[in-house]
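Engineer: Just one file: input-v2.pdb, with PDB, C-alpha atoms and all ligand atoms.
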MODEL        1
ATOM      1  CA  MET A 205     112.841 110.631  92.079
ATOM      2  CA  ILE A 206     112.549 114.177  93.422
ATOM      3  CA  ILE A 207     109.882 114.828  96.056
ATOM      4  CA  ASP A 208     108.316 118.188  96.804
ATOM      5  CA  THR A 209     106.370 118.091 100.070
ATOM      6  CA  ASP A 210     104.671 120.123 102.805
ATOM      7  CA  THR A 211     105.629 117.386 105.202
ATOM      8  CA  ALA A 212     102.910 116.573 107.694
ATOM      9  CA  SER A 213     101.463 113.241 108.724
ATOM     10  CA  ASP A 214     100.475 111.616 105.421
ATOM     11  CA  ASP A 215     103.452 113.172 103.609
ATOM     12  CA  ALA A 216     105.723 111.475 106.151
ATOM     13  CA  VAL A 217     104.313 108.045 105.279
ATOM     14  CA  ALA A 218     104.757 108.794 101.580
ATOM     15  CA  LEU A 219     108.364 109.892 102.118
ATOM     16  CA  ALA A 220     109.134 106.675 103.973
ATOM     17  CA  MET A 221     107.547 104.609 101.177
ATOM     18  CA  ALA A 222     109.994 106.141  98.700
ATOM     19  CA  LEU A 223     113.057 106.260 100.957
ATOM     20  CA  ASN A 224     112.632 102.615 102.009
ATOM     21  CA  HIS A 225     111.834 101.238  98.565
ATOM     22  CA  PRO A 226     114.750  99.296  97.086
ATOM     23  CA  GLY A 227     113.847 100.318  93.525
ATOM     24  CA  VAL A 228     113.604 104.047  94.163
ATOM     25  CA  ASP A 229     116.492 106.507  94.293
ATOM     26  CA  VAL A 230     115.328 109.725  95.938
ATOM     27  CA  VAL A 231     117.884 112.361  94.960
ATOM     28  CA  ALA A 232     116.284 115.335  96.690
ATOM     29  CA  ILE A 233     113.430 116.433  98.899
ATOM     30  CA  THR A 234     112.215 120.010  98.625
ATOM     31  CA  THR A 235     109.833 121.429 101.186
ATOM     32  CA  VAL A 236     107.094 124.009 100.897
ATOM     33  CA  VAL A 237     104.664 125.753 103.234
ATOM     34  CA  GLY A 238     101.213 124.160 103.293
ATOM     35  CA  ASN A 239      99.979 121.874 106.030
ATOM     36  CA  CYS A 240     102.165 123.840 108.446
ATOM     37  CA  SER A 241     104.883 126.490 108.284
ATOM     38  CA  LEU A 242     107.952 125.985 106.109
ATOM     39  CA  GLU A 243     110.055 125.585 109.239
ATOM     40  CA  ASP A 244     107.789 122.772 110.426
ATOM     41  CA  THR A 245     107.455 121.001 107.053
ATOM     42  CA  THR A 246     111.256 121.067 106.673
ATOM     43  CA  ARG A 247     111.861 119.743 110.188
ATOM     44  CA  ASN A 248     109.292 116.993 109.610
ATOM     45  CA  ALA A 249     110.942 115.930 106.350
ATOM     46  CA  LEU A 250     114.342 115.789 108.040
ATOM     47  CA  TYR A 251     112.924 113.817 110.965
ATOM     48  CA  THR A 252     111.279 111.308 108.619
ATOM     49  CA  ALA A 253     114.544 110.909 106.688
ATOM     50  CA  ASP A 254     116.282 110.226 110.018
ATOM     51  CA  LEU A 255     113.773 107.495 110.835
ATOM     52  CA  CYS A 256     114.507 105.910 107.464
ATOM     53  CA  GLY A 257     118.277 106.167 107.986
ATOM     54  CA  SER A 258     118.452 108.377 104.893
ATOM     55  CA  GLY A 259     120.877 111.220 104.267
ATOM     56  CA  VAL A 260     118.900 112.510 101.255
ATOM     57  CA  PRO A 261     119.430 116.269 100.893
ATOM     58  CA  VAL A 262     116.454 118.325 102.067
ATOM     59  CA  TYR A 263     116.008 121.867 100.755
ATOM     60  CA  ALA A 264     113.566 124.443 102.126
ATOM     61  CA  GLY A 265     111.573 126.213  99.422
ATOM     62  CA  ALA A 266     108.722 128.720  99.429
ATOM     63  CA  ASP A 267     107.453 130.002 102.755
ATOM     64  CA  ARG A 268     104.257 131.507 101.294
ATOM     65  CA  PRO A 269     101.891 131.056  98.358
ATOM     66  CA  LEU A 270     102.396 133.202  95.237
ATOM     67  CA  LEU A 271      99.533 135.640  95.827
ATOM     68  CA  VAL A 272      97.095 134.523  98.503
ATOM     69  CA  LYS A 273      97.611 134.332 102.254
ATOM     70  CA  ALA A 274      98.715 130.995 103.682
ATOM     71  CA  GLY A 275      95.859 128.958 105.177
ATOM     72  CA  LEU A 276      97.636 126.223 107.124
ATOM     73  CA  ALA A 277      96.082 122.837 107.929
ATOM     74  CA  THR A 278      97.359 122.527 111.486
ATOM     75  CA  TYR A 279      93.738 121.927 112.524
ATOM     76  CA  PHE A 280      94.022 118.671 110.594
ATOM     77  CA  HIS A 281      97.600 117.453 111.128
ATOM     78  CA  GLY A 282      98.379 118.998 114.546
ATOM     79  CA  MET A 283     100.269 122.175 115.379
ATOM     80  CA  ASP A 284     103.612 120.588 114.433
ATOM     81  CA  GLY A 285     102.106 118.718 111.467
ATOM     82  CA  LEU A 286     102.872 115.338 113.030
ATOM     83  CA  GLY A 287     100.096 115.052 115.586
ATOM     84  CA  ASP A 288     101.949 116.910 118.379
ATOM     85  CA  HIS A 289     103.788 113.968 119.891
ATOM     86  CA  GLY A 290     106.931 115.954 120.712
ATOM     87  CA  TYR A 291     109.222 114.174 118.287
ATOM     88  CA  PRO A 292     112.929 114.936 118.764
ATOM     89  CA  VAL A 293     114.854 117.514 116.772
ATOM     90  CA  PRO A 294     116.308 115.974 113.585
ATOM     91  CA  SER A 295     119.970 115.053 113.467
ATOM     92  CA  ARG A 296     120.731 117.572 110.701
ATOM     93  CA  SER A 297     119.519 120.765 109.064
ATOM     94  CA  ALA A 298     118.314 121.578 105.576
ATOM     95  CA  GLU A 299     120.898 122.320 102.890
ATOM     96  CA  ASP A 300     121.943 125.943 102.324
ATOM     97  CA  THR A 301     120.531 126.024  98.774
ATOM     98  CA  ASP A 302     116.891 127.073  98.574
ATOM     99  CA  GLY A 303     114.272 124.588  97.451
ATOM    100  CA  VAL A 304     113.378 126.279  94.172
ATOM    101  CA  SER A 305     117.013 126.450  92.988
ATOM    102  CA  ALA A 306     117.479 122.853  94.142
ATOM    103  CA  LEU A 307     114.487 121.683  92.112
ATOM    104  CA  ILE A 308     115.914 123.351  89.010
ATOM    105  CA  THR A 309     119.387 121.899  89.517
ATOM    106  CA  HIS A 310     118.248 118.364  90.343
ATOM    107  CA  ILE A 311     115.818 118.196  87.426
ATOM    108  CA  ARG A 312     118.532 119.477  85.077
ATOM    109  CA  ASN A 313     120.995 116.924  86.491
ATOM    110  CA  SER A 314     118.569 113.990  86.257
ATOM    111  CA  PRO A 315     116.610 114.345  83.021
ATOM    112  CA  GLY A 316     113.744 111.869  82.781
ATOM    113  CA  SER A 317     113.324 111.655  86.539
ATOM    114  CA  THR A 318     109.998 111.454  88.322
ATOM    115  CA  LEU A 319     108.865 114.506  90.251
ATOM    116  CA  VAL A 320     106.318 113.697  92.952
ATOM    117  CA  THR A 321     104.453 116.632  94.478
ATOM    118  CA  LEU A 322     102.752 116.088  97.828
ATOM    119  CA  GLY A 323     101.938 119.682  98.712
ATOM    120  CA  PRO A 324     100.978 123.043  97.228
ATOM    121  CA  LEU A 325     102.642 123.660  93.866
ATOM    122  CA  THR A 326     104.413 126.927  94.780
ATOM    123  CA  ASN A 327     107.989 125.612  94.447
ATOM    124  CA  VAL A 328     107.228 123.961  91.117
ATOM    125  CA  ALA A 329     105.582 127.101  89.716
ATOM    126  CA  LEU A 330     108.541 129.251  90.797
ATOM    127  CA  ALA A 331     111.010 126.761  89.303
ATOM    128  CA  LEU A 332     109.129 126.727  85.978
ATOM    129  CA  ALA A 333     109.043 130.526  85.904
ATOM    130  CA  GLN A 334     112.840 130.601  86.175
ATOM    131  CA  ALA A 335     113.537 127.576  83.993
ATOM    132  CA  PRO A 336     110.671 126.786  81.602
ATOM    133  CA  GLU A 337     112.762 124.066  79.921
ATOM    134  CA  LEU A 338     112.157 121.865  82.979
ATOM    135  CA  VAL A 339     108.840 120.921  81.400
ATOM    136  CA  ASP A 340     110.724 118.807  78.858
ATOM    137  CA  LEU A 341     113.213 117.381  81.348
ATOM    138  CA  VAL A 342     110.777 115.845  83.844
ATOM    139  CA  GLY A 343     109.880 112.275  82.892
ATOM    140  CA  ARG A 344     106.725 112.061  85.009
ATOM    141  CA  CYS A 345     105.148 114.580  87.365
ATOM    142  CA  VAL A 346     102.880 112.763  89.799
ATOM    143  CA  VAL A 347     100.716 115.279  91.626
ATOM    144  CA  MET A 348      98.746 114.582  94.782
ATOM    145  CA  GLY A 349      96.179 117.269  94.319
ATOM    146  CA  GLY A 350      92.793 118.189  93.026
ATOM    147  CA  THR A 351      89.626 116.207  93.008
ATOM    148  CA  ALA A 352      88.317 114.828  89.772
ATOM    149  CA  ASN A 353      84.782 114.424  91.060
ATOM    150  CA  THR A 354      84.586 117.878  92.718
ATOM    151  CA  VAL A 355      84.073 116.646  96.275
ATOM    152  CA  GLY A 356      86.578 118.895  98.014
ATOM    153  CA  ASN A 357      88.113 118.483 101.447
ATOM    154  CA  VAL A 358      88.811 122.141 102.215
ATOM    155  CA  THR A 359      85.894 123.726 100.357
ATOM    156  CA  PRO A 360      83.071 121.897  98.568
ATOM    157  CA  ALA A 361      84.938 122.471  95.293
ATOM    158  CA  ALA A 362      88.607 122.091  96.132
ATOM    159  CA  GLU A 363      91.258 119.827  97.532
ATOM    160  CA  PHE A 364      93.776 121.401  99.938
ATOM    161  CA  ASN A 365      96.997 121.401  97.872
ATOM    162  CA  LEU A 366      95.430 123.155  94.880
ATOM    163  CA  TRP A 367      93.315 125.446  97.078
ATOM    164  CA  PHE A 368      96.320 126.563  99.174
ATOM    165  CA  ASP A 369      98.121 128.142  96.220
ATOM    166  CA  PRO A 370      95.643 128.213  93.341
ATOM    167  CA  HIS A 371      97.757 130.513  91.169
ATOM    168  CA  ALA A 372     100.740 128.172  91.390
ATOM    169  CA  ALA A 373      98.518 125.180  90.656
ATOM    170  CA  ARG A 374      96.979 126.932  87.658
ATOM    171  CA  LEU A 375     100.440 127.702  86.236
ATOM    172  CA  VAL A 376     101.747 124.184  86.777
ATOM    173  CA  PHE A 377      98.701 122.479  85.264
ATOM    174  CA  ALA A 378      98.945 124.734  82.200
ATOM    175  CA  SER A 379     102.716 124.353  81.883
ATOM    176  CA  GLY A 380     102.991 121.236  79.727
ATOM    177  CA  LEU A 381     104.560 119.119  82.484
ATOM    178  CA  PRO A 382     103.575 115.448  82.057
ATOM    179  CA  ILE A 383     101.148 115.483  84.994
ATOM    180  CA  GLU A 384      99.572 112.373  86.479
ATOM    181  CA  MET A 385      96.934 113.626  88.898
ATOM    182  CA  VAL A 386      96.039 111.575  91.946
ATOM    183  CA  GLY A 387      93.083 113.439  93.385
ATOM    184  CA  TRP A 388      91.774 113.388  96.930
ATOM    185  CA  GLU A 389      88.937 110.983  96.106
ATOM    186  CA  ILE A 390      91.491 108.223  95.498
ATOM    187  CA  CYS A 391      92.324 107.960  99.218
ATOM    188  CA  ARG A 392      88.698 107.640 100.295
ATOM    189  CA  GLY A 393      86.549 104.550 100.879
ATOM    190  CA  GLU A 394      88.353 101.226 100.656
ATOM    191  CA  ALA A 395      91.743 102.940 100.297
ATOM    192  CA  GLY A 396      91.638 104.075 103.922
ATOM    193  CA  LEU A 397      93.088 101.840 106.634
ATOM    194  CA  ASP A 398      90.324 100.441 108.822
ATOM    195  CA  ALA A 399      90.749  99.539 112.508
ATOM    196  CA  THR A 400      91.773  95.953 111.755
ATOM    197  CA  GLU A 401      94.376  97.074 109.240
ATOM    198  CA  ARG A 402      95.711  99.687 111.652
ATOM    199  CA  ALA A 403      95.997  97.028 114.348
ATOM    200  CA  ALA A 404      97.913  94.789 111.945
ATOM    201  CA  LEU A 405     100.225  97.673 111.090
ATOM    202  CA  ARG A 406     100.776  98.375 114.798
ATOM    203  CA  ALA A 407     101.517  94.692 115.358
ATOM    204  CA  LEU A 408     104.550  94.949 113.071
ATOM    205  CA  ASP A 409     106.020  96.736 116.104
ATOM    206  CA  THR A 410     108.674  98.581 114.116
ATOM    207  CA  PRO A 411     109.595 102.224 114.761
ATOM    208  CA  LEU A 412     108.097 103.204 111.411
ATOM    209  CA  ALA A 413     104.832 101.311 111.950
ATOM    210  CA  HIS A 414     104.335 103.152 115.231
ATOM    211  CA  PHE A 415     105.364 106.446 113.631
ATOM    212  CA  PHE A 416     102.946 106.040 110.692
ATOM    213  CA  LEU A 417     100.028 105.540 113.065
ATOM    214  CA  ASP A 418     101.009 107.965 115.803
ATOM    215  CA  CYS A 419     101.848 110.922 113.592
ATOM    216  CA  ASN A 420      98.471 110.485 111.861
ATOM    217  CA  SER A 421      96.450 110.394 115.099
ATOM    218  CA  THR A 422      95.204 113.977 114.757
ATOM    219  CA  ALA A 423      94.433 113.502 111.067
ATOM    220  CA  LEU A 424      92.399 110.369 111.805
ATOM    221  CA  GLU A 425      90.265 112.242 114.323
ATOM    222  CA  ALA A 426      89.940 115.303 112.067
ATOM    223  CA  SER A 427      88.664 113.269 109.134
ATOM    224  CA  ARG A 428      86.299 111.353 111.418
ATOM    225  CA  LYS A 429      84.825 114.703 112.446
ATOM    226  CA  GLN A 430      84.724 115.952 108.842
ATOM    227  CA  SER A 431      83.152 112.991 107.095
ATOM    228  CA  GLY A 432      82.353 110.381 109.724
ATOM    229  CA  THR A 433      84.881 107.953 108.282
ATOM    230  CA  VAL A 434      86.521 105.532 110.694
ATOM    231  CA  ARG A 435      89.299 104.810 108.203
ATOM    232  CA  LEU A 436      92.705 106.475 108.107
ATOM    233  CA  GLN A 437      92.875 108.268 104.774
ATOM    234  CA  LEU A 438      96.356 108.715 103.328
ATOM    235  CA  PRO A 439      96.272 110.944 100.228
ATOM    236  CA  ASP A 440     100.009 111.473  99.728
ATOM    237  CA  PRO A 441     100.807 107.749 100.022
ATOM    238  CA  THR A 442      98.268 106.986  97.267
ATOM    239  CA  ALA A 443     100.151 109.336  94.950
ATOM    240  CA  MET A 444     103.474 107.879  96.025
ATOM    241  CA  ALA A 445     102.234 104.339  95.393
ATOM    242  CA  ALA A 446     101.123 105.375  91.893
ATOM    243  CA  ALA A 447     104.514 107.006  91.312
ATOM    244  CA  ILE A 448     106.513 103.975  92.470
ATOM    245  CA  ASP A 449     104.437 101.161  90.956
ATOM    246  CA  LYS A 450     102.055 102.591  88.393
ATOM    247  CA  ASP A 451     101.398  99.249  86.687
ATOM    248  CA  GLY A 452     100.645  97.487  89.961
ATOM    249  CA  VAL A 453      98.665 100.258  91.618
ATOM    250  CA  VAL A 454      96.761 102.283  89.016
ATOM    251  CA  THR A 455      93.838 100.252  87.687
ATOM    252  CA  HIS A 456      92.154 102.995  85.671
ATOM    253  CA  SER A 457      93.280 106.349  84.355
ATOM    254  CA  SER A 458      92.207 108.622  81.510
ATOM    255  CA  SER A 459      93.681 111.727  79.919
ATOM    256  CA  HIS A 460      91.782 115.009  79.937
ATOM    257  CA  TYR A 461      92.084 118.733  79.693
ATOM    258  CA  VAL A 462      92.246 119.992  83.285
ATOM    259  CA  GLU A 463      92.333 123.620  84.341
ATOM    260  CA  VAL A 464      92.598 125.027  87.866
ATOM    261  CA  GLU A 465      90.383 127.896  89.007
ATOM    262  CA  ALA A 466      92.393 130.586  90.770
ATOM    263  CA  GLU A 467      90.166 133.624  91.192
ATOM    264  CA  SER A 468      86.637 132.655  92.178
ATOM    265  CA  PRO A 469      86.089 132.735  95.960
ATOM    266  CA  LEU A 470      83.554 129.935  95.574
ATOM    267  CA  THR A 471      85.663 127.544  93.518
ATOM    268  CA  ARG A 472      89.247 128.661  94.268
ATOM    269  CA  GLY A 473      91.633 125.770  93.602
ATOM    270  CA  MET A 474      89.052 123.600  91.881
ATOM    271  CA  SER A 475      90.472 121.157  89.347
ATOM    272  CA  VAL A 476      88.032 121.378  86.467
ATOM    273  CA  VAL A 477      88.308 118.120  84.529
ATOM    274  CA  ASP A 478      86.885 118.093  81.011
ATOM    275  CA  SER A 479      85.828 114.450  81.203
ATOM    276  CA  LEU A 480      83.630 114.544  78.086
ATOM    277  CA  ASP A 481      85.995 116.691  76.022
ATOM    278  CA  VAL A 482      83.410 119.424  75.687
ATOM    279  CA  THR A 483      86.085 122.123  75.300
ATOM    280  CA  GLY A 484      87.991 120.301  72.575
ATOM    281  CA  ASN A 485      91.227 121.393  74.270
ATOM    282  CA  PRO A 486      94.083 118.895  74.122
ATOM    283  CA  ALA A 487      94.494 116.667  77.173
ATOM    284  CA  ASN A 488      97.180 117.929  79.545
ATOM    285  CA  VAL A 489      96.730 115.587  82.514
ATOM    286  CA  GLU A 490      96.466 111.855  83.019
ATOM    287  CA  VAL A 491      93.831 111.555  85.727
ATOM    288  CA  VAL A 492      94.061 108.512  87.982
ATOM    289  CA  ASN A 493      90.518 107.210  88.438
ATOM    290  CA  ALA A 494      91.048 104.066  90.500
ATOM    291  CA  ILE A 495      93.757 102.152  92.323
ATOM    292  CA  ASP A 496      94.248  98.616  93.579
ATOM    293  CA  THR A 497      93.742  99.363  97.271
ATOM    294  CA  ALA A 498      95.172  96.020  98.434
ATOM    295  CA  ARG A 499      98.415  96.625  96.544
ATOM    296  CA  PHE A 500      98.522 100.181  97.901
ATOM    297  CA  LYS A 501      98.201  98.934 101.480
ATOM    298  CA  GLU A 502     100.863  96.276 100.908
ATOM    299  CA  MET A 503     103.251  99.074  99.981
ATOM    300  CA  ILE A 504     102.532 100.898 103.234
ATOM    301  CA  PHE A 505     103.216  97.730 105.218
ATOM    302  CA  ASP A 506     106.440  97.146 103.248
ATOM    303  CA  ALA A 507     107.617 100.661 104.048
ATOM    304  CA  ALA A 508     106.753 100.216 107.726
ATOM    305  CA  ARG A 509     108.958  97.104 107.906
ATOM    306  CA  GLY A 510     111.893  99.447 107.149
TER
HETATM  307  C1  LIG B 601      96.572 116.924 100.827
HETATM  308  O1  LIG B 601      96.550 118.041 101.712
HETATM  309  C2  LIG B 601      97.296 117.754 102.855
HETATM  310  O2  LIG B 601      96.519 117.905 104.000
HETATM  311  C3  LIG B 601      97.822 116.351 102.732
HETATM  312  O3  LIG B 601      99.156 116.291 103.172
HETATM  313  C4  LIG B 601      97.714 116.048 101.265
HETATM  314  O4  LIG B 601      98.870 116.432 100.553
HETATM  315  C5  LIG B 601      95.222 116.255 100.819
HETATM  316  O5  LIG B 601      94.245 117.146 100.414
HETATM  317 CA    CA B 602     100.921 116.909 101.721
ENDMDL
END
Using structure tokens, write down the structure that the file contains.

Structural biologist:
Amino acid sequence: MIIDTDTASDDAVALAMALNHPGVDVVAITTVVGNCSLEDTTRNALYTADLCGSGVPVYAGADRPLLVKAGLATYFHGMDGLGDHGYPVPSRSAEDTDGVSALITHIRNSPGSTLVTLGPLTNVALALAQAPELVDLVGRCVVMGGTANTVGNVTPAAEFNLWFDPHAARLVFASGLPIEMVGWEICRGEAGLDATERAALRALDTPLAHFFLDCNSTALEASRKQSGTVRLQLPDPTAMAAAIDKDGVVTHSSSHYVEVEAESPLTRGMSVVDSLDVTGNPANVEVVNAIDTARFKEMIFDAARG
């Protein structure tokens, strides 16, 4: 597995799920600007790897979107992306190689691997522009991004990762990569951790259980303000769960033609899903429609046990 991430609070949980899973071999983490600056997302990825006792190489990629200005989500995840708890400096730095070159090299070296994207798609778009053959080398590309039912979390029409760099998202969705899209709606409702579940997670009393909850404290409050939910929504972990255990986690998916809007100010970053095949265009994305939320939560608890 190769993970591309704008590491903030929910990304960190997703990283730990992969790094602590006995059946998953994470060969590289590449970071991208998104939730916070590239410097912050890279530091957060390295810190999370430290907590998992992992020496996985971390490479810093794009520090800005392809064409638009960066619109960070520090209002949601905290100024440092991890809820501003003053976590220590990681034990090591990112590798010298840049994230885009690293993506190309690792995908070439591990044909058939799973690429999981947890942030804006800038690194992936830049890698495909340099090495279009990657499309045929990636086994699965699981994308946390978009919203199949058009309830957006950053505008009414768009989910953050696709909105942040709509031109990159448009390129990647049109590229031919074998995309499995886990949209924002998948983390809502029953998939969120309620107060009882959060208390049970806290009661594990492991460093990772505390970290999962603490680093998401700002995000929990921000989503309460946004939608009134009292549950902790974890979008990136839902995508990671689908990537790690598709058969156990994904209960319904369907393949459709999906295109991303890049230009319209109103619908920038919208994932337009042709659910009824009205365009007649061939399906390019497997859209995840539902997950087994109990299995998903079990995976979070397993990761927290370390
Ligand atoms: C996505 O945007 C970010 O805030 C989260 O990390 C997640 O990747 C959800 O829209
Ligand atoms: Ca993310």

Engineer: On this structure, the PyMOL selection byres (((chain A and resi 239) around 12) and not hetatm) would catch which residues? List them as number ranges by chain, sorted by chain and number.

Structural biologist: A: 209-216, 235-238, 240-246, 248, 267-268, 274-287, 322-324, 358, 364-365, 367-369, 423

Engineer: Would you be able to write out as a PyMOL selection string which residues have an atom within 7 Å of (89.5, 117.8, 77.8) in the file's coordinates, counting only C-alpha atoms?

Structural biologist: chain A and resi 460-462+477-487

Engineer: So what does the PyMOL selection byres (((chain A and resi 495-505) around 10) and not hetatm) actually pick up in this one, as an NGL selection string?

Structural biologist: :A and (217-218 or 220-222 or 225 or 386 or 390-391 or 393-397 or 401 or 404-406 or 408 or 412-413 or 416 or 438 or 441-446 or 448-457 or 492-494 or 506-510)

Engineer: Counting all atoms listed in the file, which residue out of A:Leu325, A:Ala447, A:Leu341, A:Met385 sits closest to Leu219 in chain A?

Structural biologist: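 Answer, going by the shortest atom-to-atom distance: A:Ala447.
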
Engineer: Name every residue that the PyMOL selection byres (((chain A and resi 468) around 12) and not hetatm) selects in this structure, writing the answer as a PDB file with C-alpha atoms, in the frame of the given file with chains first and numbers rising.

Structural biologist:
ATOM      1  CA  ALA A 361      84.938 122.471  95.293  1.00  0.00           C
ATOM      2  CA  ALA A 362      88.607 122.091  96.132  1.00  0.00           C
ATOM      3  CA  TRP A 367      93.315 125.446  97.078  1.00  0.00           C
ATOM      4  CA  PRO A 370      95.643 128.213  93.341  1.00  0.00           C
ATOM      5  CA  HIS A 371      97.757 130.513  91.169  1.00  0.00           C
ATOM      6  CA  VAL A 464      92.598 125.027  87.866  1.00  0.00           C
ATOM      7  CA  GLU A 465      90.383 127.896  89.007  1.00  0.00           C
ATOM      8  CA  ALA A 466      92.393 130.586  90.770  1.00  0.00           C
ATOM      9  CA  GLU A 467      90.166 133.624  91.192  1.00  0.00           C
ATOM     10  CA  PRO A 469      86.089 132.735  95.960  1.00  0.00           C
ATOM     11  CA  LEU A 470      83.554 129.935  95.574  1.00  0.00           C
ATOM     12  CA  THR A 471      85.663 127.544  93.518  1.00  0.00           C
ATOM     13  CA  ARG A 472      89.247 128.661  94.268  1.00  0.00           C
ATOM     14  CA  GLY A 473      91.633 125.770  93.602  1.00  0.00           C
ATOM     15  CA  MET A 474      89.052 123.600  91.881  1.00  0.00           C
TER      16      MET A 474
END

Engineer: For the atom pair CA of Leu366 in chain A and CA of Ala329 in chain A, what is the interatomic distance in Å to one decimal place?

Structural biologist: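 Separating CA of Leu366 in chain A from CA of Ala329 in chain A is a distance of 12.1 Å.
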
Engineer: Could you tell me which of A:Glu490, A:Asp418, A:Asp229, A:Asp208 comes closest to ligand LIG 601 (chain B) if we count all atoms listed in the file?

Structural biologist: A:Asp208

Engineer: Which is closest to ligand CA 602 (chain B) among A:Ser379, A:Asn224, A:Gln334, A:Thr321, if we use all atoms listed in the file?

Structural biologist: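 Checking each of A:Ser379, A:Asn224, A:Gln334, A:Thr321 against ligand CA 602 (chain B), counting all atoms listed in the file, the winner is A:Thr321.
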
Engineer: Report the distance between CA of Pro292 in chain A and CA of Asp254 in chain A in Å, rounded to one decimal place.

Structural biologist: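 Distance reported for this atom pair: 10.5 Å.
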
Engineer: Just give me the gap between CA of Gly303 in chain A and CA of Glu337 in chain A in Å, one decimal is fine.

Structural biologist: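 Taking CA of Gly303 in chain A as the start and CA of Glu337 in chain A as the end point, the length is 17.6 Å.
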
Engineer: A:Leu270, A:Ala403, A:Leu375, A:Val320: which is nearest ligand LIG 601 (chain B), counting all atoms listed in the file?

Structural biologist: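 For ligand LIG 601 (chain B), the nearest of the given residues is A:Val320.
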
Engineer: Range 257-262 of chain A: which residues within 9 Å, counting only C-alpha atoms, same-chain residues fewer than 4 positions away excluded, as a PDB file with C-alpha atoms, keeping the file's coordinate frame?

Structural biologist:
ATOM      1  CA  LEU A 223     113.057 106.260 100.957  1.00  0.00           C
ATOM      2  CA  ASN A 224     112.632 102.615 102.009  1.00  0.00           C
ATOM      3  CA  VAL A 230     115.328 109.725  95.938  1.00  0.00           C
ATOM      4  CA  VAL A 231     117.884 112.361  94.960  1.00  0.00           C
ATOM      5  CA  ALA A 232     116.284 115.335  96.690  1.00  0.00           C
ATOM      6  CA  ILE A 233     113.430 116.433  98.899  1.00  0.00           C
ATOM      7  CA  THR A 234     112.215 120.010  98.625  1.00  0.00           C
ATOM      8  CA  THR A 235     109.833 121.429 101.186  1.00  0.00           C
ATOM      9  CA  THR A 246     111.256 121.067 106.673  1.00  0.00           C
ATOM     10  CA  ALA A 249     110.942 115.930 106.350  1.00  0.00           C
ATOM     11  CA  LEU A 250     114.342 115.789 108.040  1.00  0.00           C
ATOM     12  CA  THR A 252     111.279 111.308 108.619  1.00  0.00           C
ATOM     13  CA  ALA A 253     114.544 110.909 106.688  1.00  0.00           C
ATOM     14  CA  SER A 297     119.519 120.765 109.064  1.00  0.00           C
ATOM     15  CA  ALA A 298     118.314 121.578 105.576  1.00  0.00           C
ATOM     16  CA  GLU A 299     120.898 122.320 102.890  1.00  0.00           C
ATOM     17  CA  GLY A 303     114.272 124.588  97.451  1.00  0.00           C
TER      18      GLY A 303
END

Engineer: Could you check the closest approach to ligand LIG 601 (chain B) for each of A:Met348, A:Leu417, A:Leu436, A:Val491 and tell me which residue wins, using all atoms listed in the file?

Structural biologist: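 Of A:Met348, A:Leu417, A:Leu436, A:Val491, the one nearest ligand LIG 601 (chain B), counting all atoms listed in the file, is A:Met348.
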
Engineer: Neighbouring residues of Thr318 in chain A were defined as those with any atom within 9 Å, considering only C-alpha atoms; residues of the same chain fewer than 6 positions away were excluded. Please report them as a PDB file with C-alpha atoms, in the coordinates of the input.

Structural biologist:
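Written file, around-v1.pdb:
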ATOM      1  CA  MET A 205     112.841 110.631  92.079  1.00  0.00           C
ATOM      2  CA  ILE A 206     112.549 114.177  93.422  1.00  0.00           C
ATOM      3  CA  ILE A 207     109.882 114.828  96.056  1.00  0.00           C
ATOM      4  CA  ILE A 311     115.818 118.196  87.426  1.00  0.00           C
ATOM      5  CA  VAL A 342     110.777 115.845  83.844  1.00  0.00           C
ATOM      6  CA  GLY A 343     109.880 112.275  82.892  1.00  0.00           C
ATOM      7  CA  ARG A 344     106.725 112.061  85.009  1.00  0.00           C
ATOM      8  CA  CYS A 345     105.148 114.580  87.365  1.00  0.00           C
ATOM      9  CA  VAL A 346     102.880 112.763  89.799  1.00  0.00           C
ATOM     10  CA  ALA A 447     104.514 107.006  91.312  1.00  0.00           C
TER      11      ALA A 447
END

Engineer: Just checking: using all atoms listed in the file, which residue out of A:Asn327, A:Thr309, A:Thr410, A:Thr351 ends up closest to Ala264 in chain A?

Structural biologist: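 Residue with the minimum atom-to-atom distance to Ala264 in chain A: A:Asn327.
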
Engineer: Using the file's own x, y and z axes, so that the box edges lie along x, y and z, what centre and edge lengths in Å (one decimal) does a box around every listed atom of range 218-225 of chain A get when 3 Å is added on each side? Give it as JSON.

Structural biologist:
{"center_x": 108.9, "center_y": 105.6, "center_z": 101.3, "size_x": 14.3, "size_y": 14.7, "size_z": 11.4}
